[in-house]
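J.: Pasting target.txt below, which is compact mmCIF, N, CA and C atoms.
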```
# COMPACT_ATOMS: atom_id res chain seq x y z
N MET Z 23 -10.01 34.65 -11.07
CA MET Z 23 -8.59 34.52 -11.14
C MET Z 23 -8.18 33.63 -12.33
N VAL Z 24 -8.94 32.55 -12.56
CA VAL Z 24 -8.64 31.66 -13.69
C VAL Z 24 -8.78 32.41 -15.00
N ARG Z 25 -9.85 33.22 -15.13
CA ARG Z 25 -10.04 34.01 -16.36
C ARG Z 25 -8.90 35.00 -16.55
N GLU Z 26 -8.48 35.63 -15.47
CA GLU Z 26 -7.38 36.59 -15.56
C GLU Z 26 -6.08 35.91 -15.97
N ILE Z 27 -5.81 34.76 -15.43
CA ILE Z 27 -4.61 34.00 -15.80
C ILE Z 27 -4.67 33.62 -17.28
N GLU Z 28 -5.84 33.17 -17.74
CA GLU Z 28 -6.00 32.80 -19.15
C GLU Z 28 -5.72 33.99 -20.08
N ARG Z 29 -6.21 35.16 -19.69
CA ARG Z 29 -6.01 36.35 -20.53
C ARG Z 29 -4.54 36.76 -20.60
N LYS Z 30 -3.82 36.58 -19.48
CA LYS Z 30 -2.44 37.08 -19.41
C LYS Z 30 -1.40 36.09 -19.94
N LEU Z 31 -1.78 34.84 -20.12
CA LEU Z 31 -0.81 33.86 -20.60
C LEU Z 31 -0.64 33.96 -22.12
N SER Z 32 0.56 33.70 -22.58
CA SER Z 32 0.82 33.66 -24.02
C SER Z 32 0.22 32.38 -24.60
N ALA Z 33 0.18 32.28 -25.92
CA ALA Z 33 -0.37 31.09 -26.57
C ALA Z 33 0.43 29.84 -26.20
N LYS Z 34 1.74 29.99 -26.12
CA LYS Z 34 2.60 28.86 -25.75
C LYS Z 34 2.32 28.41 -24.32
N GLU Z 35 2.16 29.36 -23.40
CA GLU Z 35 1.86 29.04 -22.00
C GLU Z 35 0.46 28.45 -21.85
N LEU Z 36 -0.49 28.98 -22.64
CA LEU Z 36 -1.85 28.42 -22.62
C LEU Z 36 -1.85 26.97 -23.06
N ALA Z 37 -1.06 26.65 -24.08
CA ALA Z 37 -0.98 25.27 -24.55
C ALA Z 37 -0.37 24.38 -23.46
N TYR Z 38 0.61 24.90 -22.73
CA TYR Z 38 1.29 24.12 -21.69
C TYR Z 38 0.38 23.90 -20.47
N TYR Z 39 -0.33 24.96 -20.05
CA TYR Z 39 -1.16 24.89 -18.84
C TYR Z 39 -2.63 24.64 -19.14
N GLY Z 40 -2.98 24.34 -20.38
CA GLY Z 40 -4.38 24.19 -20.78
C GLY Z 40 -5.13 23.13 -19.99
N ASN Z 41 -4.53 21.95 -19.78
CA ASN Z 41 -5.22 20.89 -19.03
C ASN Z 41 -5.49 21.30 -17.60
N ASP Z 42 -4.53 21.97 -16.96
CA ASP Z 42 -4.72 22.42 -15.58
C ASP Z 42 -5.84 23.46 -15.50
N LEU Z 43 -5.85 24.39 -16.45
CA LEU Z 43 -6.89 25.41 -16.44
C LEU Z 43 -8.28 24.81 -16.66
N GLU Z 44 -8.40 23.82 -17.53
CA GLU Z 44 -9.68 23.15 -17.74
C GLU Z 44 -10.14 22.44 -16.47
N LEU Z 45 -9.19 21.82 -15.76
CA LEU Z 45 -9.51 21.17 -14.48
C LEU Z 45 -10.01 22.19 -13.48
N PHE Z 46 -9.35 23.35 -13.38
CA PHE Z 46 -9.79 24.40 -12.46
C PHE Z 46 -11.18 24.90 -12.80
N LYS Z 47 -11.46 25.05 -14.11
CA LYS Z 47 -12.80 25.49 -14.54
C LYS Z 47 -13.87 24.47 -14.15
N ARG Z 48 -13.54 23.18 -14.31
CA ARG Z 48 -14.51 22.13 -13.92
C ARG Z 48 -14.81 22.20 -12.43
N VAL Z 49 -13.77 22.40 -11.61
CA VAL Z 49 -13.97 22.48 -10.17
C VAL Z 49 -14.84 23.68 -9.82
N LEU Z 50 -14.57 24.81 -10.44
CA LEU Z 50 -15.32 26.02 -10.14
C LEU Z 50 -16.78 25.96 -10.61
N SER Z 51 -17.05 25.20 -11.65
CA SER Z 51 -18.42 25.16 -12.20
C SER Z 51 -19.26 24.00 -11.64
N GLN Z 52 -18.66 23.06 -10.91
CA GLN Z 52 -19.44 21.91 -10.46
C GLN Z 52 -20.40 22.30 -9.34
N LYS Z 53 -21.54 21.63 -9.33
CA LYS Z 53 -22.60 21.86 -8.35
C LYS Z 53 -22.71 20.65 -7.42
N ARG Z 54 -23.45 20.81 -6.36
CA ARG Z 54 -23.58 19.76 -5.35
C ARG Z 54 -24.11 18.46 -5.92
N GLY Z 55 -25.10 18.50 -6.76
CA GLY Z 55 -25.74 17.29 -7.28
C GLY Z 55 -25.09 16.71 -8.53
N ASP Z 56 -24.03 17.33 -9.01
CA ASP Z 56 -23.39 16.85 -10.24
C ASP Z 56 -22.74 15.49 -10.04
N SER Z 57 -22.70 14.72 -11.13
CA SER Z 57 -21.93 13.47 -11.08
C SER Z 57 -20.56 13.75 -11.68
N ASN Z 58 -19.63 12.85 -11.50
CA ASN Z 58 -18.25 13.00 -11.99
C ASN Z 58 -17.59 14.27 -11.48
N LYS Z 59 -17.75 14.53 -10.18
CA LYS Z 59 -17.11 15.69 -9.57
C LYS Z 59 -15.62 15.47 -9.43
N ILE Z 60 -14.90 16.58 -9.31
CA ILE Z 60 -13.48 16.54 -9.01
C ILE Z 60 -13.36 16.72 -7.49
N TYR Z 61 -12.78 15.74 -6.80
CA TYR Z 61 -12.62 15.82 -5.35
C TYR Z 61 -11.21 16.21 -4.94
N SER Z 62 -10.26 16.11 -5.87
CA SER Z 62 -8.88 16.40 -5.55
C SER Z 62 -8.18 16.95 -6.79
N LEU Z 63 -7.55 18.10 -6.66
CA LEU Z 63 -6.86 18.69 -7.80
C LEU Z 63 -5.61 17.91 -8.18
N HIS Z 64 -4.90 17.39 -7.20
CA HIS Z 64 -3.66 16.68 -7.52
C HIS Z 64 -3.90 15.21 -7.86
N GLU Z 65 -5.09 14.68 -7.60
CA GLU Z 65 -5.48 13.31 -7.98
C GLU Z 65 -6.91 13.36 -8.53
N PRO Z 66 -7.11 13.89 -9.74
CA PRO Z 66 -8.47 14.09 -10.25
C PRO Z 66 -9.25 12.80 -10.52
N GLN Z 67 -8.58 11.63 -10.57
CA GLN Z 67 -9.28 10.38 -10.82
C GLN Z 67 -9.96 9.83 -9.55
N VAL Z 68 -9.76 10.46 -8.40
CA VAL Z 68 -10.38 10.02 -7.14
C VAL Z 68 -11.89 10.12 -7.25
N LYS Z 69 -12.59 9.08 -6.81
CA LYS Z 69 -14.05 9.04 -6.87
C LYS Z 69 -14.63 8.92 -5.46
N CYS Z 70 -15.88 9.28 -5.33
CA CYS Z 70 -16.63 9.09 -4.09
C CYS Z 70 -17.37 7.77 -4.22
N MET Z 71 -17.10 6.85 -3.29
CA MET Z 71 -17.72 5.53 -3.34
C MET Z 71 -18.61 5.34 -2.12
N SER Z 72 -19.82 4.90 -2.36
CA SER Z 72 -20.76 4.62 -1.28
C SER Z 72 -20.38 3.29 -0.64
N LYS Z 73 -20.24 3.29 0.69
CA LYS Z 73 -19.84 2.08 1.41
C LYS Z 73 -21.05 1.25 1.84
N GLY Z 74 -22.18 1.91 2.04
CA GLY Z 74 -23.37 1.19 2.47
C GLY Z 74 -23.35 0.82 3.94
N LYS Z 75 -22.51 1.48 4.71
CA LYS Z 75 -22.42 1.19 6.14
C LYS Z 75 -22.84 2.44 6.91
N GLU Z 76 -23.48 2.23 8.04
CA GLU Z 76 -24.01 3.34 8.81
C GLU Z 76 -22.91 4.23 9.38
N HIS Z 77 -21.84 3.62 9.87
CA HIS Z 77 -20.78 4.40 10.51
C HIS Z 77 -19.84 5.08 9.52
N LYS Z 78 -19.80 4.61 8.28
CA LYS Z 78 -18.92 5.18 7.25
C LYS Z 78 -19.63 5.09 5.92
N LYS Z 79 -20.39 6.11 5.59
CA LYS Z 79 -21.24 6.04 4.40
C LYS Z 79 -20.45 6.17 3.10
N TYR Z 80 -19.40 6.97 3.09
CA TYR Z 80 -18.66 7.23 1.86
C TYR Z 80 -17.16 7.06 2.07
N GLU Z 81 -16.50 6.78 0.96
CA GLU Z 81 -15.04 6.68 0.98
C GLU Z 81 -14.55 7.32 -0.31
N PHE Z 82 -13.43 7.98 -0.25
CA PHE Z 82 -12.88 8.65 -1.42
C PHE Z 82 -11.59 7.96 -1.83
N GLY Z 83 -11.46 7.63 -3.10
CA GLY Z 83 -10.26 6.97 -3.56
C GLY Z 83 -10.48 6.31 -4.90
N SER Z 84 -9.69 5.28 -5.15
CA SER Z 84 -9.78 4.50 -6.37
C SER Z 84 -9.87 3.03 -6.01
N LYS Z 85 -10.46 2.25 -6.87
CA LYS Z 85 -10.57 0.81 -6.65
C LYS Z 85 -9.23 0.16 -6.95
N ALA Z 86 -8.75 -0.67 -6.04
CA ALA Z 86 -7.48 -1.36 -6.23
C ALA Z 86 -7.64 -2.82 -5.88
N SER Z 87 -6.85 -3.66 -6.52
CA SER Z 87 -6.85 -5.09 -6.26
C SER Z 87 -5.41 -5.50 -5.96
N LEU Z 88 -5.23 -6.24 -4.87
CA LEU Z 88 -3.91 -6.69 -4.46
C LEU Z 88 -3.95 -8.19 -4.26
N ALA Z 89 -3.07 -8.91 -4.95
CA ALA Z 89 -3.01 -10.37 -4.83
C ALA Z 89 -1.73 -10.73 -4.07
N VAL Z 90 -1.90 -11.48 -2.96
CA VAL Z 90 -0.80 -11.84 -2.08
C VAL Z 90 -0.83 -13.34 -1.85
N THR Z 91 0.34 -13.98 -1.81
CA THR Z 91 0.37 -15.41 -1.52
C THR Z 91 -0.04 -15.64 -0.08
N GLN Z 92 -0.69 -16.76 0.17
CA GLN Z 92 -1.23 -17.02 1.51
C GLN Z 92 -0.14 -17.30 2.53
N ARG Z 93 0.83 -18.10 2.19
CA ARG Z 93 1.84 -18.50 3.17
C ARG Z 93 2.96 -17.48 3.36
N THR Z 94 3.48 -16.94 2.26
CA THR Z 94 4.65 -16.07 2.37
C THR Z 94 4.32 -14.58 2.36
N GLY Z 95 3.14 -14.21 1.88
CA GLY Z 95 2.76 -12.81 1.83
C GLY Z 95 3.41 -12.02 0.71
N VAL Z 96 3.95 -12.72 -0.28
CA VAL Z 96 4.58 -12.07 -1.43
C VAL Z 96 3.48 -11.52 -2.35
N ILE Z 97 3.64 -10.28 -2.77
CA ILE Z 97 2.67 -9.66 -3.67
C ILE Z 97 2.91 -10.20 -5.08
N VAL Z 98 1.88 -10.84 -5.64
CA VAL Z 98 1.99 -11.41 -6.99
C VAL Z 98 1.13 -10.68 -8.01
N GLY Z 99 0.44 -9.63 -7.58
CA GLY Z 99 -0.37 -8.85 -8.49
C GLY Z 99 -0.92 -7.61 -7.81
N ALA Z 100 -0.97 -6.51 -8.54
CA ALA Z 100 -1.55 -5.27 -8.04
C ALA Z 100 -2.12 -4.50 -9.22
N LEU Z 101 -3.38 -4.12 -9.10
CA LEU Z 101 -4.06 -3.40 -10.18
C LEU Z 101 -4.83 -2.21 -9.60
N SER Z 102 -4.99 -1.19 -10.40
CA SER Z 102 -5.84 -0.06 -10.07
C SER Z 102 -6.91 0.03 -11.15
N PHE Z 103 -8.14 0.33 -10.75
CA PHE Z 103 -9.26 0.35 -11.69
C PHE Z 103 -9.87 1.75 -11.76
N GLU Z 104 -10.31 2.12 -12.95
CA GLU Z 104 -11.00 3.39 -13.15
C GLU Z 104 -12.43 3.25 -12.66
N GLY Z 105 -12.92 4.27 -12.03
CA GLY Z 105 -14.32 4.29 -11.61
C GLY Z 105 -14.58 3.44 -10.38
N ASN Z 106 -15.85 3.27 -10.10
CA ASN Z 106 -16.29 2.55 -8.91
C ASN Z 106 -16.96 1.26 -9.36
N ILE Z 107 -16.17 0.23 -9.65
CA ILE Z 107 -16.73 -1.03 -10.12
C ILE Z 107 -16.86 -2.00 -8.95
N TYR Z 108 -17.74 -2.96 -9.12
CA TYR Z 108 -17.98 -3.98 -8.11
C TYR Z 108 -16.74 -4.86 -7.94
N ASP Z 109 -16.39 -5.18 -6.70
CA ASP Z 109 -15.19 -5.98 -6.41
C ASP Z 109 -15.18 -7.30 -7.18
N GLY Z 110 -16.31 -7.95 -7.27
CA GLY Z 110 -16.38 -9.25 -7.94
C GLY Z 110 -16.02 -9.19 -9.41
N HIS Z 111 -16.15 -8.02 -10.02
CA HIS Z 111 -15.80 -7.88 -11.44
C HIS Z 111 -14.31 -7.67 -11.66
N THR Z 112 -13.53 -7.56 -10.59
CA THR Z 112 -12.09 -7.35 -10.73
C THR Z 112 -11.31 -8.65 -10.67
N ILE Z 113 -11.95 -9.75 -10.28
CA ILE Z 113 -11.24 -11.01 -10.07
C ILE Z 113 -10.61 -11.53 -11.36
N GLU Z 114 -11.33 -11.50 -12.47
CA GLU Z 114 -10.78 -12.00 -13.73
C GLU Z 114 -9.53 -11.23 -14.14
N HIS Z 115 -9.56 -9.91 -13.96
CA HIS Z 115 -8.40 -9.09 -14.30
C HIS Z 115 -7.21 -9.44 -13.41
N ALA Z 116 -7.48 -9.64 -12.12
CA ALA Z 116 -6.41 -10.00 -11.19
C ALA Z 116 -5.82 -11.37 -11.55
N LEU Z 117 -6.69 -12.33 -11.89
CA LEU Z 117 -6.20 -13.65 -12.28
C LEU Z 117 -5.37 -13.60 -13.56
N ASP Z 118 -5.79 -12.79 -14.52
CA ASP Z 118 -5.01 -12.63 -15.76
C ASP Z 118 -3.62 -12.07 -15.46
N GLN Z 119 -3.57 -11.10 -14.56
CA GLN Z 119 -2.27 -10.52 -14.22
C GLN Z 119 -1.39 -11.52 -13.48
N ILE Z 120 -1.98 -12.28 -12.56
CA ILE Z 120 -1.21 -13.30 -11.83
C ILE Z 120 -0.65 -14.33 -12.81
N LYS Z 121 -1.45 -14.75 -13.78
CA LYS Z 121 -1.01 -15.72 -14.79
C LYS Z 121 0.14 -15.14 -15.62
N ARG Z 122 -0.01 -13.88 -16.00
CA ARG Z 122 1.02 -13.23 -16.82
C ARG Z 122 2.33 -13.07 -16.05
N LEU Z 123 2.25 -12.75 -14.75
CA LEU Z 123 3.46 -12.49 -13.97
C LEU Z 123 4.12 -13.75 -13.42
N THR Z 124 3.30 -14.72 -13.01
CA THR Z 124 3.87 -15.92 -12.37
C THR Z 124 3.88 -17.13 -13.28
N GLY Z 125 3.06 -17.11 -14.34
CA GLY Z 125 3.01 -18.25 -15.25
C GLY Z 125 2.01 -19.31 -14.84
N LYS Z 126 1.28 -19.12 -13.76
CA LYS Z 126 0.26 -20.11 -13.36
C LYS Z 126 -0.93 -19.44 -12.68
N PHE Z 127 -2.07 -20.13 -12.77
CA PHE Z 127 -3.28 -19.66 -12.11
C PHE Z 127 -3.33 -20.23 -10.70
N PRO Z 128 -3.82 -19.46 -9.73
CA PRO Z 128 -4.00 -20.03 -8.39
C PRO Z 128 -5.20 -20.98 -8.39
N ARG Z 129 -5.13 -22.03 -7.57
CA ARG Z 129 -6.25 -22.96 -7.44
C ARG Z 129 -7.32 -22.42 -6.52
N ASN Z 130 -6.90 -21.63 -5.51
CA ASN Z 130 -7.82 -21.07 -4.53
C ASN Z 130 -7.54 -19.59 -4.32
N ILE Z 131 -8.61 -18.84 -4.13
CA ILE Z 131 -8.51 -17.42 -3.78
C ILE Z 131 -9.30 -17.23 -2.49
N TYR Z 132 -8.72 -16.49 -1.56
CA TYR Z 132 -9.42 -16.14 -0.32
C TYR Z 132 -9.69 -14.65 -0.37
N ALA Z 133 -10.97 -14.28 -0.49
CA ALA Z 133 -11.35 -12.89 -0.69
C ALA Z 133 -12.29 -12.44 0.42
N ASP Z 134 -12.42 -11.12 0.58
CA ASP Z 134 -13.36 -10.62 1.58
C ASP Z 134 -14.79 -10.68 1.04
N ARG Z 135 -15.75 -10.32 1.86
CA ARG Z 135 -17.16 -10.46 1.49
C ARG Z 135 -17.57 -9.52 0.35
N GLY Z 136 -16.77 -8.51 0.06
CA GLY Z 136 -17.09 -7.59 -1.03
C GLY Z 136 -17.07 -8.26 -2.39
N TYR Z 137 -16.42 -9.42 -2.49
CA TYR Z 137 -16.31 -10.15 -3.76
C TYR Z 137 -17.44 -11.16 -3.93
N LYS Z 138 -18.39 -11.17 -3.01
CA LYS Z 138 -19.47 -12.14 -3.01
C LYS Z 138 -20.16 -12.23 -4.36
N GLY Z 139 -20.53 -13.43 -4.74
CA GLY Z 139 -21.23 -13.64 -6.01
C GLY Z 139 -20.75 -14.92 -6.64
N LYS Z 140 -19.65 -14.86 -7.35
CA LYS Z 140 -19.10 -16.04 -8.00
C LYS Z 140 -18.36 -16.91 -6.99
N LYS Z 141 -18.49 -18.23 -7.19
CA LYS Z 141 -17.77 -19.17 -6.33
C LYS Z 141 -16.55 -19.73 -7.05
N THR Z 142 -16.56 -19.64 -8.38
CA THR Z 142 -15.41 -20.10 -9.16
C THR Z 142 -15.20 -19.19 -10.36
N VAL Z 143 -13.96 -19.11 -10.78
CA VAL Z 143 -13.59 -18.43 -12.03
C VAL Z 143 -12.66 -19.39 -12.73
N GLY Z 144 -13.14 -19.98 -13.81
CA GLY Z 144 -12.36 -21.02 -14.49
C GLY Z 144 -12.18 -22.20 -13.54
N GLU Z 145 -10.95 -22.56 -13.26
CA GLU Z 145 -10.65 -23.66 -12.34
C GLU Z 145 -10.31 -23.16 -10.95
N THR Z 146 -10.38 -21.86 -10.74
CA THR Z 146 -10.02 -21.25 -9.46
C THR Z 146 -11.25 -21.14 -8.57
N GLU Z 147 -11.14 -21.67 -7.34
CA GLU Z 147 -12.23 -21.55 -6.37
C GLU Z 147 -12.05 -20.29 -5.55
N ILE Z 148 -13.16 -19.61 -5.27
CA ILE Z 148 -13.14 -18.40 -4.46
C ILE Z 148 -13.75 -18.72 -3.10
N HIS Z 149 -13.01 -18.43 -2.04
CA HIS Z 149 -13.47 -18.70 -0.68
C HIS Z 149 -13.70 -17.38 0.05
N PHE Z 150 -14.75 -17.34 0.85
CA PHE Z 150 -15.12 -16.16 1.60
C PHE Z 150 -15.13 -16.48 3.08
N PRO Z 151 -14.92 -15.48 3.94
CA PRO Z 151 -15.03 -15.74 5.38
C PRO Z 151 -16.49 -16.04 5.74
N VAL Z 152 -16.67 -16.94 6.67
CA VAL Z 152 -18.02 -17.27 7.12
C VAL Z 152 -18.18 -16.77 8.55
N THR Z 153 -19.38 -16.32 8.85
CA THR Z 153 -19.65 -15.88 10.21
C THR Z 153 -20.23 -17.04 10.98
N ASP Z 154 -19.81 -17.18 12.21
CA ASP Z 154 -20.33 -18.23 13.08
C ASP Z 154 -21.43 -17.62 13.92
N LYS Z 155 -22.68 -17.84 13.52
CA LYS Z 155 -23.81 -17.21 14.18
C LYS Z 155 -24.16 -17.86 15.51
N THR Z 156 -23.48 -18.96 15.83
CA THR Z 156 -23.76 -19.61 17.12
C THR Z 156 -23.03 -18.88 18.27
N LYS Z 157 -21.96 -18.16 17.96
CA LYS Z 157 -21.23 -17.43 18.98
C LYS Z 157 -21.85 -16.06 19.20
N THR Z 158 -21.96 -15.66 20.45
CA THR Z 158 -22.49 -14.34 20.78
C THR Z 158 -21.52 -13.65 21.72
N LEU Z 159 -21.58 -12.34 21.69
CA LEU Z 159 -20.74 -11.55 22.61
C LEU Z 159 -21.44 -11.48 23.95
N THR Z 160 -20.69 -11.66 25.00
CA THR Z 160 -21.29 -11.55 26.35
C THR Z 160 -20.57 -10.54 27.18
```
Is it possible to give me this structure as structure tokens?

T.:
Amino acid sequence: MVREIERKLSAKELAYYGNDLELFKRVLSQKRGDSNKIYSLHEPQVKCMSKGKEHKKYEFGSKASLAVTQRTGVIVGALSFEGNIYDGHTIEHALDQIKRLTGKFPRNIYADRGYKGKKTVGETEIHFPVTDKTKTLT
């Protein structure tokens, strides 16, 4: 059908719909083991990310960073990242955006365990949740 559409379109229409047709061709030609697959036609930047958890092995989407104030919950930064990068590598970008938008760097960041690695970035301390291994479920 894609070949038939390409043959029947005029040069002007081909120029207009060229990107969409190339996307359709990529979807039709991709194989199971290929990397950089297209998972969504309307959001082609969506990636498959390995979660490393038994109950949910994969997740589809994009990497995003959201910075919220601790007391008021006001959003002071939001970023979207290309590809599947490690959470800890997004902190510097988020801090740069917070500085640009608010005019100051935060002294403390409270992040989830996915950001594990660095304990400080510049003068900013990064805090992670700790598990209390002395408590057990009964």

J.: At a cut-off of 7 Å, using all atoms listed in the file, what residues contact Glu147 of chain Z? Leave out same-chain residues fewer than 3 positions from it and give the result as a list of chain:residue names.

T.: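 Residues meeting the cut-off are Z:Pro128, Z:Arg129, Z:Asn130, Z:Ile131, Z:Tyr132, Z:Lys141, Z:Thr142, Z:Val143, Z:Gly144.
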
J.: I need the residues in chain Z that are strand (DSSP E) according to DSSP; give them as number ranges by chain.

T.: Z: 69-72, 80-83, 85-90, 97-103, 130-132, 142-143, 146-149

J.: Nearest to Pro151 of chain Z among Z:Glu81, Z:Glu28, Z:Arg135, Z:Tyr39, with distances taken over all atoms listed in the file: which residue is it?

T.: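 For Pro151 of chain Z, the nearest of the given residues is Z:Arg135.
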
J.: Please report the interatomic distance between atom CA of Lys59 of chain Z and atom CA of Ser72 of chain Z in Å with one decimal.

T.: 14.3 Å

J.: For the structure I just gave you, how does DSSP split chain Z - specifically, which residues are helix (DSSP H, G or I)? Reply as a short mmCIF file (atom, residue, chain, number, x, y, z; two decimals) with N, CA and C atoms, in the coordinates of the input.

T.:
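Below is the file out_19.cif, written as the result:
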```cif
data_model
loop_
_atom_site.label_atom_id
_atom_site.label_comp_id
_atom_site.auth_asym_id
_atom_site.auth_seq_id
_atom_site.Cartn_x
_atom_site.Cartn_y
_atom_site.Cartn_z
N VAL Z 24 -8.94 32.55 -12.56
CA VAL Z 24 -8.64 31.66 -13.69
C VAL Z 24 -8.78 32.41 -15.00
N ARG Z 25 -9.85 33.22 -15.13
CA ARG Z 25 -10.04 34.01 -16.36
C ARG Z 25 -8.90 35.00 -16.55
N GLU Z 26 -8.48 35.63 -15.47
CA GLU Z 26 -7.38 36.59 -15.56
C GLU Z 26 -6.08 35.91 -15.97
N ILE Z 27 -5.81 34.76 -15.43
CA ILE Z 27 -4.61 34.00 -15.80
C ILE Z 27 -4.67 33.62 -17.28
N GLU Z 28 -5.84 33.17 -17.74
CA GLU Z 28 -6.00 32.80 -19.15
C GLU Z 28 -5.72 33.99 -20.08
N ARG Z 29 -6.21 35.16 -19.69
CA ARG Z 29 -6.01 36.35 -20.53
C ARG Z 29 -4.54 36.76 -20.60
N LYS Z 30 -3.82 36.58 -19.48
CA LYS Z 30 -2.44 37.08 -19.41
C LYS Z 30 -1.40 36.09 -19.94
N ALA Z 33 0.18 32.28 -25.92
CA ALA Z 33 -0.37 31.09 -26.57
C ALA Z 33 0.43 29.84 -26.20
N LYS Z 34 1.74 29.99 -26.12
CA LYS Z 34 2.60 28.86 -25.75
C LYS Z 34 2.32 28.41 -24.32
N GLU Z 35 2.16 29.36 -23.40
CA GLU Z 35 1.86 29.04 -22.00
C GLU Z 35 0.46 28.45 -21.85
N LEU Z 36 -0.49 28.98 -22.64
CA LEU Z 36 -1.85 28.42 -22.62
C LEU Z 36 -1.85 26.97 -23.06
N ALA Z 37 -1.06 26.65 -24.08
CA ALA Z 37 -0.98 25.27 -24.55
C ALA Z 37 -0.37 24.38 -23.46
N TYR Z 38 0.61 24.90 -22.73
CA TYR Z 38 1.29 24.12 -21.69
C TYR Z 38 0.38 23.90 -20.47
N TYR Z 39 -0.33 24.96 -20.05
CA TYR Z 39 -1.16 24.89 -18.84
C TYR Z 39 -2.63 24.64 -19.14
N GLY Z 40 -2.98 24.34 -20.38
CA GLY Z 40 -4.38 24.19 -20.78
C GLY Z 40 -5.13 23.13 -19.99
N ASN Z 41 -4.53 21.95 -19.78
CA ASN Z 41 -5.22 20.89 -19.03
C ASN Z 41 -5.49 21.30 -17.60
N ASP Z 42 -4.53 21.97 -16.96
CA ASP Z 42 -4.72 22.42 -15.58
C ASP Z 42 -5.84 23.46 -15.50
N LEU Z 43 -5.85 24.39 -16.45
CA LEU Z 43 -6.89 25.41 -16.44
C LEU Z 43 -8.28 24.81 -16.66
N GLU Z 44 -8.40 23.82 -17.53
CA GLU Z 44 -9.68 23.15 -17.74
C GLU Z 44 -10.14 22.44 -16.47
N LEU Z 45 -9.19 21.82 -15.76
CA LEU Z 45 -9.51 21.17 -14.48
C LEU Z 45 -10.01 22.19 -13.48
N PHE Z 46 -9.35 23.35 -13.38
CA PHE Z 46 -9.79 24.40 -12.46
C PHE Z 46 -11.18 24.90 -12.80
N LYS Z 47 -11.46 25.05 -14.11
CA LYS Z 47 -12.80 25.49 -14.54
C LYS Z 47 -13.87 24.47 -14.15
N ARG Z 48 -13.54 23.18 -14.31
CA ARG Z 48 -14.51 22.13 -13.92
C ARG Z 48 -14.81 22.20 -12.43
N VAL Z 49 -13.77 22.40 -11.61
CA VAL Z 49 -13.97 22.48 -10.17
C VAL Z 49 -14.84 23.68 -9.82
N LEU Z 50 -14.57 24.81 -10.44
CA LEU Z 50 -15.32 26.02 -10.14
C LEU Z 50 -16.78 25.96 -10.61
N SER Z 51 -17.05 25.20 -11.65
CA SER Z 51 -18.42 25.16 -12.20
C SER Z 51 -19.26 24.00 -11.64
N ASP Z 109 -16.39 -5.18 -6.70
CA ASP Z 109 -15.19 -5.98 -6.41
C ASP Z 109 -15.18 -7.30 -7.18
N GLY Z 110 -16.31 -7.95 -7.27
CA GLY Z 110 -16.38 -9.25 -7.94
C GLY Z 110 -16.02 -9.19 -9.41
N HIS Z 111 -16.15 -8.02 -10.02
CA HIS Z 111 -15.80 -7.88 -11.44
C HIS Z 111 -14.31 -7.67 -11.66
N THR Z 112 -13.53 -7.56 -10.59
CA THR Z 112 -12.09 -7.35 -10.73
C THR Z 112 -11.31 -8.65 -10.67
N ILE Z 113 -11.95 -9.75 -10.28
CA ILE Z 113 -11.24 -11.01 -10.07
C ILE Z 113 -10.61 -11.53 -11.36
N GLU Z 114 -11.33 -11.50 -12.47
CA GLU Z 114 -10.78 -12.00 -13.73
C GLU Z 114 -9.53 -11.23 -14.14
N HIS Z 115 -9.56 -9.91 -13.96
CA HIS Z 115 -8.40 -9.09 -14.30
C HIS Z 115 -7.21 -9.44 -13.41
N ALA Z 116 -7.48 -9.64 -12.12
CA ALA Z 116 -6.41 -10.00 -11.19
C ALA Z 116 -5.82 -11.37 -11.55
N LEU Z 117 -6.69 -12.33 -11.89
CA LEU Z 117 -6.20 -13.65 -12.28
C LEU Z 117 -5.37 -13.60 -13.56
N ASP Z 118 -5.79 -12.79 -14.52
CA ASP Z 118 -5.01 -12.63 -15.76
C ASP Z 118 -3.62 -12.07 -15.46
N GLN Z 119 -3.57 -11.10 -14.56
CA GLN Z 119 -2.27 -10.52 -14.22
C GLN Z 119 -1.39 -11.52 -13.48
N ILE Z 120 -1.98 -12.28 -12.56
CA ILE Z 120 -1.21 -13.30 -11.83
C ILE Z 120 -0.65 -14.33 -12.81
N LYS Z 121 -1.45 -14.75 -13.78
CA LYS Z 121 -1.01 -15.72 -14.79
C LYS Z 121 0.14 -15.14 -15.62
N ARG Z 122 -0.01 -13.88 -16.00
CA ARG Z 122 1.02 -13.23 -16.82
C ARG Z 122 2.33 -13.07 -16.05
N LEU Z 123 2.25 -12.75 -14.75
CA LEU Z 123 3.46 -12.49 -13.97
C LEU Z 123 4.12 -13.75 -13.42
N THR Z 124 3.30 -14.72 -13.01
CA THR Z 124 3.87 -15.92 -12.37
C THR Z 124 3.88 -17.13 -13.28
N ARG Z 135 -15.75 -10.32 1.86
CA ARG Z 135 -17.16 -10.46 1.49
C ARG Z 135 -17.57 -9.52 0.35
N GLY Z 136 -16.77 -8.51 0.06
CA GLY Z 136 -17.09 -7.59 -1.03
C GLY Z 136 -17.07 -8.26 -2.39
N TYR Z 137 -16.42 -9.42 -2.49
CA TYR Z 137 -16.31 -10.15 -3.76
C TYR Z 137 -17.44 -11.16 -3.93
#
```

J.: Can you measure atom C of Ala89 of chain Z to atom CA of Ile120 of chain Z for me? One decimal in Å is fine.

T.: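 Atom CA of Ile120 of chain Z lies at a distance of 8.2 Å from atom C of Ala89 of chain Z.
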